[in-house]
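Trainee: data_6.cif is reproduced below (mmCIF, C-alpha atoms and all ligand atoms).
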```cif
data_input
loop_
_atom_site.label_atom_id
_atom_site.label_comp_id
_atom_site.auth_asym_id
_atom_site.auth_seq_id
_atom_site.Cartn_x
_atom_site.Cartn_y
_atom_site.Cartn_z
CA MET A 27 132.56 108.59 91.67
CA ARG A 28 133.03 107.55 95.27
CA LEU A 29 131.49 105.11 97.69
CA HIS A 30 129.53 106.50 100.58
CA PRO A 31 130.90 105.39 103.95
CA TRP A 32 127.76 103.48 104.97
CA ASN A 33 128.07 101.29 101.84
CA LEU A 34 131.62 100.14 102.55
CA ALA A 35 130.64 96.92 104.32
CA ALA A 36 128.48 95.86 101.36
CA TRP A 37 131.36 96.81 99.06
CA HIS A 38 133.81 94.54 100.88
CA ASP A 39 131.30 91.67 100.92
CA LEU A 40 130.94 91.91 97.17
CA THR A 41 134.48 92.63 96.06
CA GLY A 42 136.55 90.82 98.70
CA ASP A 43 137.21 87.87 96.41
CA ARG A 44 137.69 89.04 92.84
CA THR A 45 137.52 85.46 91.53
CA ARG A 46 133.94 85.09 92.71
CA LEU A 47 132.23 88.09 91.18
CA PRO A 48 128.76 87.53 89.67
CA HIS A 49 127.90 88.10 86.00
CA ALA A 50 124.65 89.76 87.00
CA LEU A 51 124.12 91.85 90.09
CA LEU A 52 120.87 93.36 91.35
CA LEU A 53 121.71 96.34 93.51
CA HIS A 54 118.64 97.46 95.39
CA GLY A 55 117.52 99.63 98.28
CA PRO A 56 115.64 102.87 98.96
CA ARG A 57 116.18 106.09 97.02
CA GLY A 58 118.90 108.50 98.00
CA ILE A 59 121.42 106.17 99.66
CA GLY A 60 124.09 105.99 96.98
CA LYS A 61 123.21 103.00 94.77
CA ARG A 62 124.26 104.80 91.59
CA ALA A 63 127.58 105.82 93.07
CA PHE A 64 128.09 102.23 94.19
CA ALA A 65 127.33 100.85 90.72
CA GLY A 66 129.56 103.46 89.06
CA THR A 67 132.42 102.77 91.46
CA LEU A 68 132.06 99.05 90.87
CA ALA A 69 132.17 99.51 87.10
CA GLN A 70 135.23 101.75 87.29
CA TRP A 71 136.94 99.37 89.73
CA LEU A 72 136.39 96.41 87.38
CA LEU A 73 137.93 98.38 84.51
CA CYS A 74 140.73 100.03 86.52
CA GLU A 75 144.28 98.87 85.73
CA VAL A 76 145.41 98.97 89.37
CA PRO A 77 142.24 98.49 91.47
CA GLY A 78 142.55 98.89 95.22
CA GLY A 79 140.62 97.36 98.10
CA GLU A 80 138.25 100.33 98.40
CA GLY A 81 137.74 101.18 94.76
CA PRO A 82 139.47 102.24 91.55
CA CYS A 83 142.81 104.09 91.60
CA GLY A 84 141.38 107.17 89.87
CA ARG A 85 144.64 107.84 88.00
CA CYS A 86 145.26 105.09 85.45
CA ARG A 87 144.34 105.40 81.78
CA ALA A 88 141.17 103.31 82.29
CA CYS A 89 140.04 105.51 85.19
CA VAL A 90 140.60 108.68 83.15
CA TRP A 91 138.58 107.26 80.26
CA PHE A 92 135.85 106.15 82.62
CA GLU A 93 135.58 109.51 84.33
CA GLN A 94 135.37 111.20 80.94
CA GLY A 95 132.49 108.88 80.04
CA ALA A 96 134.58 107.39 77.24
CA HIS A 97 135.64 103.89 78.37
CA PRO A 98 134.96 101.51 75.46
CA ASP A 99 134.19 98.56 77.77
CA TYR A 100 131.45 100.35 79.69
CA ARG A 101 127.79 101.03 78.87
CA LEU A 102 125.26 102.93 80.94
CA VAL A 103 121.62 102.21 80.07
CA GLU A 104 118.95 104.63 81.26
CA PRO A 105 115.43 105.49 80.06
CA ALA A 106 115.63 107.07 76.61
CA ALA A 107 114.01 110.39 75.84
CA ASP A 108 111.99 109.58 72.74
CA GLY A 109 108.46 109.72 71.40
CA SER A 110 107.40 106.68 73.41
CA ASN A 111 107.78 108.64 76.62
CA GLU A 112 104.99 111.14 76.37
CA GLY A 113 104.45 113.43 79.26
CA ASP A 114 108.14 113.68 80.02
CA ALA A 115 108.75 116.65 77.78
CA GLY A 116 111.27 118.99 79.30
CA LYS A 117 112.45 116.44 81.81
CA LYS A 118 115.78 114.74 81.64
CA GLY A 119 115.40 111.29 80.12
CA GLY A 120 112.13 109.42 79.76
CA LYS A 121 110.11 106.81 81.56
CA HIS A 122 111.13 103.49 80.11
CA ILE A 123 114.13 101.56 78.97
CA THR A 124 113.03 100.15 75.63
CA ILE A 125 113.93 97.01 73.72
CA ASN A 126 116.03 99.05 71.28
CA GLU A 127 118.36 100.06 74.07
CA ILE A 128 118.78 96.44 75.18
CA ARG A 129 119.20 95.23 71.60
CA SER A 130 121.91 97.78 71.02
CA LEU A 131 123.92 96.01 73.72
CA GLY A 132 124.09 92.96 71.45
CA ASP A 133 127.01 94.39 69.49
CA PHE A 134 128.76 95.35 72.71
CA PHE A 135 128.37 91.83 74.10
CA GLY A 136 129.58 90.35 70.81
CA LEU A 137 132.90 92.18 70.93
CA VAL A 138 135.94 91.18 72.87
CA SER A 139 136.98 93.63 75.50
CA HIS A 140 139.19 96.47 74.26
CA GLN A 141 141.43 96.25 77.25
CA GLY A 142 141.39 92.48 77.74
CA GLY A 143 139.45 92.64 81.00
CA TRP A 144 135.84 93.07 82.07
CA ARG A 145 133.06 94.68 80.13
CA VAL A 146 130.44 96.32 82.34
CA VAL A 147 126.84 97.36 81.77
CA VAL A 148 124.92 99.38 84.37
CA ILE A 149 121.13 99.53 83.91
CA GLN A 150 119.29 102.09 86.02
CA PRO A 151 116.63 102.32 87.24
CA ALA A 152 116.14 98.70 86.22
CA GLU A 153 112.42 98.74 87.08
CA THR A 154 111.92 101.05 84.11
CA LEU A 155 112.74 98.22 81.68
CA ASN A 156 109.53 97.66 79.76
CA ALA A 157 108.30 94.09 79.26
CA ALA A 158 109.94 93.58 75.87
CA ALA A 159 113.23 95.03 77.08
CA ALA A 160 113.21 92.83 80.19
CA ASN A 161 112.60 89.80 77.99
CA ALA A 162 115.46 90.68 75.71
CA LEU A 163 117.73 91.19 78.70
CA LEU A 164 116.67 87.85 80.15
CA LYS A 165 118.19 86.04 77.18
CA THR A 166 121.55 87.62 77.96
CA LEU A 167 121.22 86.86 81.67
CA GLU A 168 120.54 83.22 80.88
CA GLU A 169 123.77 82.91 78.92
CA PRO A 170 126.01 85.69 80.08
CA PRO A 171 129.02 86.40 77.85
CA ALA A 172 132.40 85.76 79.47
CA ASP A 173 133.91 88.62 81.45
CA VAL A 174 130.74 90.69 81.32
CA MET A 175 129.08 92.08 84.42
CA ILE A 176 125.55 93.44 84.19
CA VAL A 177 124.57 95.62 87.14
CA LEU A 178 120.87 96.32 87.62
CA VAL A 179 120.11 99.21 89.97
CA ALA A 180 116.59 99.27 91.42
CA HIS A 181 114.64 101.20 94.06
CA GLN A 182 111.75 98.77 93.68
CA PRO A 183 113.15 95.37 92.66
CA GLY A 184 109.69 93.84 93.08
CA ARG A 185 108.66 95.55 89.85
CA LEU A 186 111.20 93.52 87.89
CA PRO A 187 110.06 90.18 86.44
CA ALA A 188 110.86 87.30 88.80
CA THR A 189 112.71 85.59 85.95
CA VAL A 190 115.13 88.54 85.74
CA ARG A 191 115.57 88.78 89.51
CA SER A 192 116.31 85.09 89.84
CA ARG A 193 119.23 85.36 87.41
CA CYS A 194 121.00 88.00 89.48
CA ARG A 195 122.97 87.97 92.68
CA LYS A 196 121.14 90.36 94.99
CA LEU A 197 122.87 92.99 97.02
CA ALA A 198 120.75 95.16 99.31
CA LEU A 199 121.99 98.60 100.32
CA ALA A 200 120.35 100.20 103.35
CA ARG A 201 119.93 103.63 104.89
CA PRO A 202 122.70 104.51 107.32
CA ALA A 203 122.03 104.96 111.01
CA ARG A 204 120.86 108.48 111.77
CA ALA A 205 124.08 109.53 113.51
CA GLU A 206 126.19 108.34 110.58
CA ALA A 207 123.94 110.12 108.09
CA GLU A 208 124.07 113.36 110.11
CA ALA A 209 127.85 113.17 110.39
CA TRP A 210 128.16 112.73 106.63
CA LEU A 211 125.71 115.54 105.90
CA SER A 212 127.52 117.89 108.22
CA GLY A 213 130.70 117.05 106.27
CA GLN A 214 128.81 118.24 103.18
CA GLY A 215 127.96 121.50 104.92
CA LEU A 216 124.40 120.58 105.87
CA THR A 217 123.79 121.09 109.55
CA ASP A 218 119.98 121.19 109.72
CA PRO A 219 118.93 117.61 110.54
CA ALA A 220 115.22 118.36 109.94
CA THR A 221 115.60 117.58 106.24
CA LEU A 222 116.95 114.10 106.96
CA ALA A 223 113.78 113.13 108.84
CA GLU A 224 111.64 114.54 106.04
CA VAL A 225 113.22 112.26 103.46
CA GLY A 226 113.00 109.17 105.65
CA GLY A 227 116.71 109.06 106.53
CA ALA A 228 118.15 108.98 102.99
CA PRO A 229 121.25 111.22 103.10
CA LEU A 230 121.57 111.96 99.37
CA LEU A 231 117.94 113.01 99.18
CA ALA A 232 118.44 115.20 102.23
CA LEU A 233 121.34 116.91 100.47
CA GLU A 234 119.28 117.43 97.33
CA TYR A 235 116.33 118.75 99.33
CA ALA A 236 118.45 121.14 101.35
CA GLU A 237 118.78 123.58 98.47
CA PRO A 238 117.98 126.99 100.10
CA GLU A 239 115.18 128.01 97.71
CA ARG A 240 113.46 124.70 98.18
CA LEU A 241 113.76 124.92 101.96
CA ALA A 242 112.19 128.37 101.84
CA ARG A 243 109.29 127.03 99.75
CA ARG A 244 108.87 124.14 102.18
CA ASP A 245 108.84 126.38 105.24
CA ARG A 246 106.25 128.60 103.62
CA PHE A 247 104.06 125.66 102.62
CA LEU A 248 104.29 123.98 106.01
CA GLY A 249 103.70 127.31 107.70
CA VAL A 250 100.37 127.60 105.92
CA LEU A 251 99.47 123.98 106.72
CA ALA A 252 100.16 124.72 110.37
CA ARG A 253 97.89 127.81 110.41
CA PRO A 254 95.42 127.15 107.63
CA GLY A 255 92.61 129.36 106.42
CA ALA A 256 90.64 129.25 103.17
CA ASP A 257 92.13 132.48 101.79
CA VAL A 258 95.79 131.60 102.44
CA LEU A 259 95.29 128.05 101.15
CA SER A 260 93.85 129.32 97.91
CA ARG A 261 96.72 131.76 97.46
CA LEU A 262 99.20 129.01 98.28
CA ALA A 263 97.66 126.75 95.63
CA GLN A 264 97.93 129.54 93.09
CA ASP A 265 101.59 130.25 93.88
CA SER A 266 102.56 126.57 93.94
CA GLN A 267 100.82 125.31 90.82
CA GLN A 268 104.10 124.82 88.94
CA ARG A 269 105.33 122.46 91.64
CA VAL A 270 102.39 120.22 92.39
CA ASP A 271 104.46 117.10 92.95
CA GLU A 272 106.66 118.85 95.48
CA CYS A 273 103.60 120.10 97.40
CA TRP A 274 101.99 116.70 97.11
CA GLY A 275 104.98 115.20 98.94
CA TRP A 276 104.87 117.75 101.74
CA LEU A 277 101.13 117.41 102.23
CA ALA A 278 101.31 113.58 102.16
CA ARG A 279 104.03 113.56 104.85
CA TRP A 280 102.19 116.18 106.88
CA LEU A 281 99.03 114.05 106.86
CA TYR A 282 101.07 110.97 107.74
CA ASP A 283 102.45 112.76 110.79
CA LEU A 284 99.01 114.02 111.84
CA LEU A 285 97.56 110.52 111.62
CA ALA A 286 100.57 109.10 113.50
CA LEU A 287 100.04 111.58 116.33
CA GLN A 288 96.34 110.79 116.45
CA ALA A 289 97.28 107.11 116.73
CA GLY A 290 99.56 107.92 119.65
CA THR A 291 102.94 107.53 117.91
CA ALA A 292 105.57 110.17 117.09
CA ALA A 293 105.85 112.46 114.07
CA ARG A 294 108.11 110.78 111.54
CA TYR A 295 108.76 113.39 108.87
CA PHE A 296 108.50 116.70 110.68
CA PRO A 297 109.51 116.00 114.28
CA ASP A 298 110.75 119.59 114.61
CA LEU A 299 107.20 120.82 113.98
CA GLU A 300 105.58 118.42 116.42
CA PRO A 301 104.00 121.08 118.70
CA ALA A 302 102.01 122.55 115.78
CA LEU A 303 101.16 119.08 114.47
CA ARG A 304 99.97 117.99 117.89
CA GLU A 305 97.60 120.92 118.18
CA LEU A 306 96.11 120.20 114.73
CA ALA A 307 95.88 116.47 115.41
CA ALA A 308 93.85 117.17 118.52
CA ARG A 309 91.21 119.11 116.62
CA ALA A 310 91.00 117.24 113.29
CA ARG A 311 88.47 114.51 112.54
CA PRO A 312 90.47 111.28 112.07
CA ALA A 313 88.15 109.82 109.43
CA ALA A 314 88.23 113.00 107.37
CA LEU A 315 92.01 113.25 107.61
CA TRP A 316 92.32 109.65 106.53
CA GLN A 317 90.04 110.27 103.55
CA CYS A 318 92.09 113.29 102.63
CA GLN A 319 95.22 111.15 102.66
CA GLN A 320 93.54 108.46 100.56
CA GLU A 321 92.56 111.02 97.96
CA LEU A 322 96.09 112.31 97.89
CA MET A 323 97.47 108.80 97.36
CA ARG A 324 95.06 108.20 94.49
CA ALA A 325 96.00 111.52 92.95
CA GLY A 326 99.67 110.58 93.18
CA ARG A 327 99.26 108.46 90.07
CA TRP A 328 98.16 111.47 88.06
CA LEU A 329 100.91 113.83 89.07
CA ARG A 330 102.90 113.30 85.90
CA HIS A 331 99.95 114.14 83.73
CA PRO A 332 99.42 117.72 82.66
CA LEU A 333 96.37 118.45 84.79
CA ASN A 334 95.63 121.83 86.19
CA GLY A 335 97.98 121.96 89.15
CA GLN A 336 96.22 124.77 90.91
CA LEU A 337 92.86 123.00 90.88
CA LEU A 338 94.39 119.78 92.17
CA LEU A 339 96.22 121.51 94.97
CA GLU A 340 93.19 123.55 95.93
CA SER A 341 90.98 120.49 96.20
CA TRP A 342 93.44 118.72 98.51
CA LEU A 343 94.02 121.77 100.66
CA LEU A 344 90.30 122.46 101.02
CA ARG A 345 89.69 118.89 102.02
CA TYR A 346 92.46 119.21 104.57
CA LEU A 347 90.89 122.40 105.88
CA ASP A 348 87.54 120.66 106.08
CA ALA A 349 89.02 117.81 108.15
CA LEU A 350 90.45 120.35 110.57
CA GLU A 351 87.32 122.42 110.92
CA GLY A 352 84.86 119.60 111.31
CA ARG A 353 85.47 118.85 114.92
CA ARG A 354 85.72 122.47 116.01
CA ASP A 355 82.42 123.43 114.40
CA GLY A 356 80.53 120.25 115.10
ZN ZN B 401 142.50 103.11 87.80
#
```
Would you mind writing the structure in this file as structure tokens?
Ligand SMILES: [Zn+2]
Mentor:
Amino acid sequence: MRLHPWNLAAWHDLTGDRTRLPHALLLHGPRGIGKRAFAGTLAQWLLCEVPGGEGPCGRCRACVWFEQGAHPDYRLVEPAADGSNEGDAGKKGGKHITINEIRSLGDFFGLVSHQGGWRVVVIQPAETLNAAAANALLKTLEEPPADVMIVLVAHQPGRLPATVRSRCRKLALARPARAEAEAWLSGQGLTDPATLAEVGGAPLLALEYAEPERLARRDRFLGVLARPGADVLSRLAQDSQQRVDECWGWLARWLYDLLALQAGTAARYFPDLEPALRELAARARPAALWQCQQELMRAGRWLRHPLNGQLLLESWLLRYLDALEGRRDG
């Protein structure tokens, strides 16, 4: 695991003085900027036998164990895939971190460290701790065992109980500047900067989204949004029904950009498609577009439920079409 270059300053702030490390750290910031890599690097660095200024050595016995997922002084806690997580069938992991997972740390905390140094627990995403689990964790945070560091990783720290947050040192990671993100992405072989705008400037998301098949699906979907008609929309809904959440994201960003242009600001997510967006924004009814976006936001909550994807998509796309045609016809 390696730090991303834009997180180095935060790294030095945290690790500069090894005698002043916290027992509980809340690492937060938007998705796709390297929080997990940061937490993993920190854990490995704490366990490393010859830690350097910019991370673990990567070669010592502790580093080898860590990279094999076998270090006895390290625990990673993530949502468990069990019966309590209905609706997640087929997906990796579940929705919540349960009290059993936090309780099982009790034995770990009760031991002395195998290697005579730190013991490290990373909990991610921490906002998936359910209420009972958060309560159980709070007891540990109130009286942290010696030489234990608990790292909570959160995209939305506001969803954690205030009592948990207040027991942690907070460290915010931020999106890199656009030029830095583009330079890093180009080092990863990604040269199309359009994806970076689409994901709000988060480089790791851009990399994930740049998978060729996904880009082809996106271009097709956006192409239809740019030149909509009832027949193509219906066919699009039929072809895309297995990927409703993906289409939901594209349509939500598309509507955001249309409303932004109508309000006189720039396209945020699809600046490369601004000419087409501008033409549509000029002819669409603002109130109807806004309602379409509201409906989409409400529907967002249901995306994880097994509804009929094609029907959902069709209803959004038809509403979108209606918003576009209103002004032209009336
Ligand atoms: Zn090492």
Trainee: Report, in Å with one decimal, the straight-line distance from CA of Cys74 in chain A to CA of Arg87 in chain A.
Mentor: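 Going from CA of Cys74 in chain A over to CA of Arg87 in chain A, I get 8.0 Å.
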Trainee: Give as a ChimeraX atom specification the residues surrounding ligand ZN 401 (chain B) up to a distance of 6 Å, considering all atoms listed in the file.
Mentor: /A:74-77,82-86,88-89
Trainee: So, with all atoms listed in the file as the atoms that count, which of A:Ala162, A:Leu339, A:Ile149, A:Val174 lies closest to Asp271 in chain A?
Mentor: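 The answer is A:Leu339, which sits nearest to Asp271 in chain A.
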Trainee: Taking all atoms listed in the file into account, which of A:Asp133, A:Glu272, A:Glu168, A:Asp99 comes nearest Val148 in chain A?
Mentor: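 For Val148 in chain A, the nearest of the candidates is A:Asp99.
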Trainee: Would you mind listing what lies within 10 Å of range 242-250 of chain A as an mmCIF file with C-alpha atoms, keeping the file's coordinate frame, with only C-alpha atoms counted and same-chain residues fewer than 4 positions away left out?
Mentor:
```cif
data_model
loop_
_atom_site.group_PDB
_atom_site.id
_atom_site.type_symbol
_atom_site.label_atom_id
_atom_site.label_comp_id
_atom_site.auth_asym_id
_atom_site.auth_seq_id
_atom_site.Cartn_x
_atom_site.Cartn_y
_atom_site.Cartn_z
ATOM 1 C CA TYR A 235 116.330 118.750 99.330
ATOM 2 C CA ALA A 236 118.450 121.140 101.350
ATOM 3 C CA GLU A 237 118.780 123.580 98.470
ATOM 4 C CA PRO A 238 117.980 126.990 100.100
ATOM 5 C CA PRO A 254 95.420 127.150 107.630
ATOM 6 C CA GLY A 255 92.610 129.360 106.420
ATOM 7 C CA VAL A 258 95.790 131.600 102.440
ATOM 8 C CA LEU A 259 95.290 128.050 101.150
ATOM 9 C CA LEU A 262 99.200 129.010 98.280
ATOM 10 C CA ALA A 263 97.660 126.750 95.630
ATOM 11 C CA SER A 266 102.560 126.570 93.940
ATOM 12 C CA GLU A 272 106.660 118.850 95.480
ATOM 13 C CA CYS A 273 103.600 120.100 97.400
ATOM 14 C CA TRP A 276 104.870 117.750 101.740
ATOM 15 C CA LEU A 277 101.130 117.410 102.230
ATOM 16 C CA TRP A 280 102.190 116.180 106.880
ATOM 17 C CA PHE A 296 108.500 116.700 110.680
ATOM 18 C CA LEU A 299 107.200 120.820 113.980
ATOM 19 C CA ALA A 302 102.010 122.550 115.780
#
```
Trainee: Env of range 65-72 of chain A: 10 Å cut, atoms = only C-alpha atoms, seq-sep filter 3 positions within chain, self excluded. Answer as JSON, numbers by chain.
Mentor: {"A": [27, 28, 29, 37, 40, 41, 44, 51, 52, 53, 60, 61, 62, 75, 76, 77, 78, 79, 80, 81, 82, 83, 84, 88, 89, 90, 91, 92, 93, 97, 99, 100, 101, 102, 143, 144, 145, 146, 147, 148, 149, 150, 175, 176, 177, 178, 179]}
Trainee: When distances are computed from all atoms listed in the file, which of A:Glu206, A:Glu305, A:Asp218, A:Glu321 shows the smallest separation from Pro31 in chain A?
Mentor: A:Glu206
